[in-house]
$ cat run-v5.cif   # mmCIF, C-alpha atoms
data_data
#
loop_
_atom_site.label_atom_id
_atom_site.label_comp_id
_atom_site.auth_asym_id
_atom_site.auth_seq_id
_atom_site.Cartn_x
_atom_site.Cartn_y
_atom_site.Cartn_z
CA MET A 1 1.97 15.07 9.09
CA GLU A 2 -1.25 13.88 10.68
CA ASP A 3 -4.49 14.18 8.72
CA SER A 4 -2.40 14.56 5.57
CA ILE A 5 -3.55 16.30 2.43
CA VAL A 6 -1.36 15.14 -0.45
CA LYS A 7 -1.04 17.24 -3.59
CA VAL A 8 1.03 16.28 -6.61
CA GLU A 9 1.76 19.11 -9.03
CA HIS A 10 3.26 18.71 -12.51
CA LEU A 11 5.38 15.80 -11.31
CA SER A 12 7.89 14.32 -13.77
CA HIS A 13 10.77 11.94 -13.15
CA ARG A 14 13.20 10.03 -15.31
CA TYR A 15 15.89 7.41 -14.95
CA HIS A 16 18.87 8.52 -17.04
CA ILE A 17 17.20 9.63 -20.29
CA GLN A 18 14.01 7.55 -19.94
CA TRP A 19 11.01 9.41 -18.53
CA ALA A 20 9.10 7.24 -16.02
CA ILE A 21 6.31 9.74 -15.32
CA GLN A 22 5.45 13.05 -16.94
CA ASP A 23 3.29 15.93 -15.71
CA ILE A 24 1.33 14.00 -13.08
CA ASN A 25 -1.28 16.03 -11.16
CA PHE A 26 -3.70 14.88 -8.46
CA GLU A 27 -4.83 15.69 -4.93
CA ILE A 28 -5.99 13.47 -2.09
CA LYS A 29 -8.21 15.01 0.53
CA GLU A 30 -7.61 14.59 4.24
CA LYS A 31 -8.21 10.94 5.22
CA GLY A 32 -9.14 10.22 1.59
CA VAL A 33 -8.40 7.07 -0.38
CA LEU A 34 -6.80 7.12 -3.81
CA GLY A 35 -6.60 4.00 -5.96
CA LEU A 36 -3.67 3.84 -8.38
CA LEU A 37 -3.57 1.38 -11.25
CA GLY A 38 -1.83 0.72 -14.51
CA SER A 39 0.18 -1.94 -16.29
CA ASN A 40 3.72 -2.93 -15.27
CA GLY A 41 6.11 -0.09 -16.07
CA ALA A 42 3.32 2.49 -16.20
CA GLY A 43 4.92 4.61 -13.46
CA LYS A 44 3.08 3.50 -10.29
CA SER A 45 6.19 2.33 -8.45
CA THR A 46 8.04 5.52 -9.35
CA LEU A 47 5.27 7.56 -7.71
CA VAL A 48 5.51 5.48 -4.53
CA LYS A 49 9.32 5.84 -4.42
CA LEU A 50 9.06 9.61 -4.87
CA LEU A 51 6.52 9.85 -2.03
CA LEU A 52 8.96 8.01 0.23
CA ARG A 53 11.84 10.16 -1.06
CA PHE A 54 13.87 7.24 -2.31
CA TYR A 55 14.48 9.76 -5.06
CA ASP A 56 13.89 13.49 -5.13
CA THR A 57 11.69 14.90 -7.87
CA ILE A 58 13.37 16.16 -11.03
CA SER A 59 10.44 18.36 -11.96
CA GLY A 60 7.26 19.35 -10.12
CA HIS A 61 6.28 19.07 -6.48
CA ILE A 62 4.80 16.70 -3.92
CA LEU A 63 3.12 18.68 -1.15
CA ILE A 64 1.90 17.34 2.19
CA ASN A 65 -0.34 19.81 4.00
CA GLY A 66 1.05 22.51 1.73
CA THR A 67 4.73 21.76 2.43
CA ASP A 68 7.06 20.32 -0.20
CA ILE A 69 8.30 16.93 1.03
CA LYS A 70 11.86 18.04 0.27
CA ASP A 71 11.49 20.42 3.23
CA PHE A 72 10.70 17.63 5.70
CA ASN A 73 13.35 15.81 7.69
CA ILE A 74 13.53 12.57 5.72
CA THR A 75 13.54 10.33 8.82
CA GLU A 76 10.53 12.10 10.31
CA LEU A 77 8.73 11.98 6.94
CA ARG A 78 9.15 8.22 6.58
CA GLY A 79 8.25 7.70 10.24
CA LYS A 80 4.77 9.10 9.51
CA ILE A 81 4.22 6.91 6.43
CA GLY A 82 2.99 3.35 6.89
CA VAL A 83 3.93 1.07 4.01
CA ALA A 84 2.85 -2.43 3.01
CA PHE A 85 4.20 -3.77 -0.26
CA GLN A 86 3.66 -6.88 -2.35
CA ASP A 87 7.07 -8.28 -1.40
CA MET A 88 7.40 -7.76 2.34
CA ASN A 89 10.44 -8.82 4.34
CA ILE A 90 10.25 -10.97 7.42
CA TYR A 91 13.22 -11.57 9.66
CA ALA A 92 14.67 -14.41 11.73
CA ILE A 93 13.39 -12.89 14.96
CA SER A 94 10.24 -13.46 16.98
CA LEU A 95 6.76 -13.00 15.57
CA ALA A 96 6.23 -10.13 18.01
CA LYS A 97 9.36 -8.28 16.89
CA ASN A 98 8.44 -8.81 13.24
CA ILE A 99 5.11 -7.11 13.83
CA MET A 100 6.68 -4.30 15.89
CA LEU A 101 9.04 -3.01 13.19
CA TYR A 102 7.27 0.37 13.20
CA ASN A 103 6.11 0.75 16.79
CA GLU A 104 6.17 -1.06 20.11
CA ALA A 105 2.99 -2.80 21.31
CA THR A 106 1.92 -4.78 24.35
CA ASP A 107 1.32 -8.53 24.14
CA ASP A 108 -2.40 -7.89 24.46
CA GLN A 109 -2.32 -5.40 21.56
CA LEU A 110 -0.28 -7.81 19.45
CA GLN A 111 -2.71 -10.65 20.09
CA LYS A 112 -5.64 -8.47 19.05
CA ILE A 113 -3.79 -7.55 15.81
CA ILE A 114 -3.03 -11.22 15.10
CA ASN A 115 -6.69 -12.17 15.59
CA LYS A 116 -7.88 -9.26 13.44
CA ILE A 117 -5.50 -10.08 10.57
CA GLY A 118 -6.22 -13.81 10.70
CA LEU A 119 -2.79 -15.00 11.80
CA ASP A 120 -4.13 -16.78 14.89
CA ASN A 121 -4.54 -19.99 12.88
CA VAL A 122 -0.79 -19.90 12.11
CA LEU A 123 -0.03 -19.94 15.85
CA THR A 124 -2.51 -22.75 16.46
CA ARG A 125 -1.21 -24.84 13.57
CA ASN A 126 2.40 -24.51 14.70
CA ASP A 127 1.75 -24.65 18.47
CA ALA A 128 3.49 -21.27 18.57
CA ASN A 129 3.22 -17.95 20.41
CA LEU A 130 4.47 -14.36 20.17
CA THR A 131 8.03 -15.36 21.11
CA THR A 132 8.33 -18.02 18.40
CA GLU A 133 10.86 -17.13 15.73
CA LEU A 134 9.99 -16.82 12.07
CA THR A 135 12.02 -18.89 9.56
CA LYS A 136 14.30 -21.76 10.54
CA GLU A 137 17.48 -19.80 9.88
CA PHE A 138 18.54 -19.74 13.54
CA ASP A 139 15.88 -21.91 15.15
CA GLU A 140 14.76 -25.32 13.93
CA LYS A 141 11.40 -24.73 15.62
CA GLY A 142 10.87 -21.50 13.71
CA ILE A 143 7.68 -20.97 11.69
CA MET A 144 7.75 -21.15 7.91
CA LEU A 145 5.06 -18.95 6.32
CA SER A 146 3.28 -18.95 2.98
CA GLY A 147 3.39 -15.91 0.69
CA GLY A 148 -0.04 -14.77 1.85
CA GLU A 149 0.91 -15.16 5.52
CA ILE A 150 4.08 -13.10 4.97
CA GLN A 151 1.94 -10.36 3.44
CA LYS A 152 -0.33 -10.50 6.50
CA ILE A 153 2.74 -9.90 8.70
CA GLY A 154 3.51 -6.82 6.60
CA ILE A 155 -0.06 -5.55 6.94
CA SER A 156 -0.13 -6.23 10.69
CA ARG A 157 2.63 -3.62 11.16
CA LEU A 158 0.19 -0.91 10.10
CA PHE A 159 -1.95 -1.60 13.18
CA THR A 160 0.79 -0.88 15.74
CA GLY A 161 0.52 2.91 15.43
CA GLU A 162 -1.02 5.88 13.67
CA PHE A 163 0.27 7.23 10.37
CA GLY A 164 -0.47 10.38 8.44
CA LEU A 165 -0.19 8.50 5.14
CA LEU A 166 -0.51 4.84 4.13
CA LEU A 167 1.13 3.52 0.95
CA LEU A 168 -0.25 0.10 0.02
CA ASP A 169 1.36 -1.46 -3.05
CA GLU A 170 -0.59 -4.69 -3.67
CA PRO A 171 0.06 -5.78 -0.07
CA SER A 172 -2.35 -8.74 -0.19
CA SER A 173 -1.94 -9.91 -3.79
CA ALA A 174 -0.93 -13.42 -2.68
CA LEU A 175 -4.39 -13.93 -1.18
CA ASP A 176 -7.37 -15.07 -3.23
CA PRO A 177 -9.57 -12.24 -4.61
CA LEU A 178 -12.22 -12.47 -1.87
CA ALA A 179 -9.62 -12.59 0.92
CA GLU A 180 -7.77 -9.64 -0.63
CA TYR A 181 -11.00 -7.64 -0.79
CA GLU A 182 -11.76 -8.40 2.85
CA MET A 183 -8.20 -7.50 3.90
CA THR A 184 -8.34 -4.16 2.08
CA LYS A 185 -11.71 -3.45 3.66
CA LEU A 186 -10.26 -4.24 7.08
CA ILE A 187 -7.34 -1.83 6.58
CA LEU A 188 -9.55 1.01 5.42
CA ASP A 189 -12.37 0.44 7.92
CA SER A 190 -10.13 0.34 10.98
CA SER A 191 -7.22 2.60 10.05
CA ASN A 192 -8.68 5.27 7.88
CA LEU A 193 -7.62 7.99 10.16
CA SER A 194 -4.91 8.09 7.48
CA THR A 195 -4.78 9.40 3.96
CA THR A 196 -4.29 6.27 1.84
CA ILE A 197 -2.85 5.40 -1.57
CA ILE A 198 -3.56 1.87 -2.80
CA VAL A 199 -1.77 0.41 -5.82
CA ALA A 200 -3.82 -2.47 -7.22
CA HIS A 201 -4.25 -4.81 -10.14
CA ARG A 202 -7.50 -6.32 -8.87
CA LEU A 203 -9.88 -3.45 -9.39
CA SER A 204 -12.40 -4.72 -6.85
CA THR A 205 -9.98 -3.66 -4.10
CA ILE A 206 -10.09 0.02 -5.12
CA ARG A 207 -13.68 0.24 -6.31
CA GLY A 208 -14.68 2.25 -3.22
CA ALA A 209 -11.77 4.72 -3.40
CA ASP A 210 -12.61 8.43 -3.34
CA ARG A 211 -10.61 8.82 -6.55
CA ILE A 212 -9.08 6.33 -8.95
CA VAL A 213 -6.08 7.25 -11.12
CA LEU A 214 -5.23 5.16 -14.17
CA VAL A 215 -1.61 5.65 -15.23
CA ASP A 216 -0.42 4.64 -18.70
CA ASN A 217 3.07 5.21 -20.12
CA GLY A 218 3.93 7.54 -17.26
CA ALA A 219 0.91 9.83 -17.67
CA ILE A 220 -2.59 9.96 -16.18
CA LYS A 221 -4.94 8.48 -18.73
CA GLU A 222 -8.17 8.55 -16.68
CA MET A 223 -9.15 9.85 -13.24
CA GLY A 224 -12.41 9.83 -11.26
CA THR A 225 -14.61 7.69 -9.03
CA HIS A 226 -15.51 4.14 -10.02
CA ASP A 227 -18.94 5.23 -11.25
CA GLU A 228 -17.50 8.15 -13.24
CA LEU A 229 -14.90 5.95 -14.92
CA MET A 230 -17.44 3.24 -15.72
CA GLU A 231 -19.69 5.85 -17.30
CA LEU A 232 -16.73 7.09 -19.35
CA LYS A 233 -16.43 3.62 -20.89
CA GLY A 234 -12.70 3.99 -21.45
CA LYS A 235 -9.71 1.88 -20.38
CA TYR A 236 -10.87 1.49 -16.76
CA TYR A 237 -14.28 0.30 -17.93
CA GLU A 238 -12.61 -2.23 -20.20
CA MET A 239 -10.31 -3.51 -17.43
CA PHE A 240 -13.04 -3.73 -14.80
CA THR A 241 -15.51 -5.48 -17.11
CA LYS A 242 -12.90 -8.02 -18.18
CA GLN A 243 -11.92 -8.82 -14.58
CA ALA A 244 -15.56 -9.11 -13.52
CA GLU A 245 -16.20 -11.59 -16.32
CA ASN A 246 -13.28 -13.73 -15.13
CA TYR A 247 -14.65 -13.85 -11.56
CA ILE A 248 -18.15 -14.73 -12.76
CA ASN A 249 -16.82 -17.45 -15.02
#

$ encode --input "run-v5.cif" --output "structure tokens"
Amino acid sequence: MEDSIVKVEHLSHRYHIQWAIQDINFEIKEKGVLGLLGSNGAGKSTLVKLLLRFYDTISGHILINGTDIKDFNITELRGKIGVAFQDMNIYAISLAKNIMLYNEATDDQLQKIINKIGLDNVLTRNDANLTTELTKEFDEKGIMLSGGEIQKIGISRLFTGEFGLLLLDEPSSALDPLAEYEMTKLILDSSNLSTTIIVAHRLSTIRGADRIVLVDNGAIKEMGTHDELMELKGKYYEMFTKQAENYIN
């Protein structure tokens, strides 16, 4: 699944009788970046769950390098997809083991990841190291992390290996807008040997995507590059302009 080309064809899915998405079509080129946005309940999360095969498609196809994902071994499929979500789990084990949920890494590699992500200040502040446990559930000396720091742990897992596809669902939303922008830039600059799908509410994080898809009520309302969508002066233009005004003010 390396160098993945993802193609979604006439994809529809429903929960009981309620359609979540209907007739979704898009393609992401090899090592391309697709930004996905829309309001809560628009269908973004359903798309991510279908890509991970939490559910199988009711209608339509998801193809990776021309093969329907239903034809992949589900364990192998998920092993080639790196995920970082808004609500990431951390566990009452060492910092090193928390980072190595996907792949093993040497102490030197882990330290480089920690420095790159900006978690080194957490170690300094807590007089901690790679063996220090997270949470105080089983160790009174364990580290307690903020929401943004927990998200950084989730993102750090992406740097322990290579993935054919990255699914990023607002993985740094707990950071301030500038820090989130810098974190997204770091992920894409250093890891974009992978095809990447980014779900975002802050549009500045997906401005540089090869293609942006705006989903509304389960259907694609607008699709194109940032410049194309701004020229269209539709919903994306309205959302981007409003957010930009808030940051300026």

$ closest_residue --input "run-v5.cif" --among "A:Ala84, A:Met144, A:Leu36, A:Leu47" --to "Arg211 (chain A)" --atoms "only C-alpha atoms"
A:Leu36

$ resolve_selection --input "run-v5.cif" --expression "the PyMOL selection byres ((chain A and resi 166) around 8)" --output "ChimeraX atom specification"
/A:81-83,163-165,167-168,194-197

$ write_last_selection --input "run-v5.cif" --atoms "C-alpha atoms" --output "mmCIF file, keeping the file's coordinate frame"
data_model
loop_
_atom_site.group_PDB
_atom_site.id
_atom_site.type_symbol
_atom_site.label_atom_id
_atom_site.label_comp_id
_atom_site.auth_asym_id
_atom_site.auth_seq_id
_atom_site.Cartn_x
_atom_site.Cartn_y
_atom_site.Cartn_z
ATOM 1 C CA ILE A 81 4.220 6.910 6.430
ATOM 2 C CA GLY A 82 2.990 3.350 6.890
ATOM 3 C CA VAL A 83 3.930 1.070 4.010
ATOM 4 C CA PHE A 163 0.270 7.230 10.370
ATOM 5 C CA GLY A 164 -0.470 10.380 8.440
ATOM 6 C CA LEU A 165 -0.190 8.500 5.140
ATOM 7 C CA LEU A 167 1.130 3.520 0.950
ATOM 8 C CA LEU A 168 -0.250 0.100 0.020
ATOM 9 C CA SER A 194 -4.910 8.090 7.480
ATOM 10 C CA THR A 195 -4.780 9.400 3.960
ATOM 11 C CA THR A 196 -4.290 6.270 1.840
ATOM 12 C CA ILE A 197 -2.850 5.400 -1.570
#

$ closest_residue --input "run-v5.cif" --among "A:Val122, A:Thr241, A:Gln86, A:Thr46" --to "Leu175 (chain A)" --atoms "only C-alpha atoms"
A:Gln86

$ closest_residue --input "run-v5.cif" --among "A:Ile220, A:Asp87, A:Leu52, A:Ala179" --to "Phe72 (chain A)" --atoms "only C-alpha atoms"
A:Leu52

$ atom_distance --input "run-v5.cif" --atom1 "CA of Ser12 (chain A)" --atom2 "CA of Ser59 (chain A)"
5.1 Å

$ residues_around --input "run-v5.cif" --residues "Ser39 (chain A)" --least-positions-apart "3" --cutoff "10 Å" --atoms "all atoms listed in the file" --output "MDAnalysis selection string"
chainID A and resid 42:44 200:201 214:217

$ closest_residue --input "run-v5.cif" --among "A:Glu104, A:Leu95, A:Leu11, A:Ile5" --to "Asp56 (chain A)" --atoms "all atoms listed in the file"
A:Leu11

$ closest_residue --input "run-v5.cif" --among "A:Ile113, A:Ala219, A:Leu145, A:Ile150" --to "Asn25 (chain A)" --atoms "all atoms listed in the file"
A:Ala219

$ resolve_selection --input "run-v5.cif" --expression "the PyMOL selection byres ((chain A and resi 235-237) around 12)" --output "ChimeraX atom specification"
/A:35-39,201-204,206-207,212-216,220-234,238-244

$ resolve_selection --input "run-v5.cif" --expression "the PyMOL selection byres ((chain A and resi 146) around 12)" --output "PDB file with C-alpha atoms, in the coordinates of the input"
ATOM      1  CA  MET A  88       7.400  -7.760   2.340  1.00  0.00           C
ATOM      2  CA  ILE A  90      10.250 -10.970   7.420  1.00  0.00           C
ATOM      3  CA  LEU A 119      -2.790 -15.000  11.800  1.00  0.00           C
ATOM      4  CA  VAL A 122      -0.790 -19.900  12.110  1.00  0.00           C
ATOM      5  CA  LEU A 134       9.990 -16.820  12.070  1.00  0.00           C
ATOM      6  CA  THR A 135      12.020 -18.890   9.560  1.00  0.00           C
ATOM      7  CA  ILE A 143       7.680 -20.970  11.690  1.00  0.00           C
ATOM      8  CA  MET A 144       7.750 -21.150   7.910  1.00  0.00           C
ATOM      9  CA  LEU A 145       5.060 -18.950   6.320  1.00  0.00           C
ATOM     10  CA  GLY A 147       3.390 -15.910   0.690  1.00  0.00           C
ATOM     11  CA  GLY A 148      -0.040 -14.770   1.850  1.00  0.00           C
ATOM     12  CA  GLU A 149       0.910 -15.160   5.520  1.00  0.00           C
ATOM     13  CA  ILE A 150       4.080 -13.100   4.970  1.00  0.00           C
ATOM     14  CA  GLN A 151       1.940 -10.360   3.440  1.00  0.00           C
ATOM     15  CA  LYS A 152      -0.330 -10.500   6.500  1.00  0.00           C
ATOM     16  CA  ILE A 153       2.740  -9.900   8.700  1.00  0.00           C
ATOM     17  CA  ALA A 174      -0.930 -13.420  -2.680  1.00  0.00           C
ATOM     18  CA  LEU A 175      -4.390 -13.930  -1.180  1.00  0.00           C
TER      19      LEU A 175
END

$ residues_near_point --input "run-v5.cif" --point "(9.4, 17.9, 3.2)" --cutoff "12 Å" --atoms "only C-alpha atoms" --output "NGL selection string"
:A and (1 or 6 or 50-53 or 56-57 or 61-78 or 80)

$ closest_residue --input "run-v5.cif" --among "A:Asp107, A:His13, A:Lys7, A:Tyr181" --to "Phe26 (chain A)" --atoms "all atoms listed in the file"
A:Lys7

$ atom_distance --input "run-v5.cif" --atom1 "CA of Ser156 (chain A)" --atom2 "CA of Gly79 (chain A)"
16.3 Å

$ atom_distance --input "run-v5.cif" --atom1 "CA of His16 (chain A)" --atom2 "CA of Glu170 (chain A)"
27.1 Å

$ residues_around --input "run-v5.cif" --residues "Gly142 (chain A)" --least-positions-apart "3" --cutoff "12 Å" --atoms "only C-alpha atoms" --output "ChimeraX atom specification"
/A:91-95,122-123,126-139,145

$ residues_around --input "run-v5.cif" --residues "Thr160 (chain A)" --least-positions-apart "5" --cutoff "7 Å" --atoms "all atoms listed in the file" --output "number ranges by chain"
A: 100, 103-105
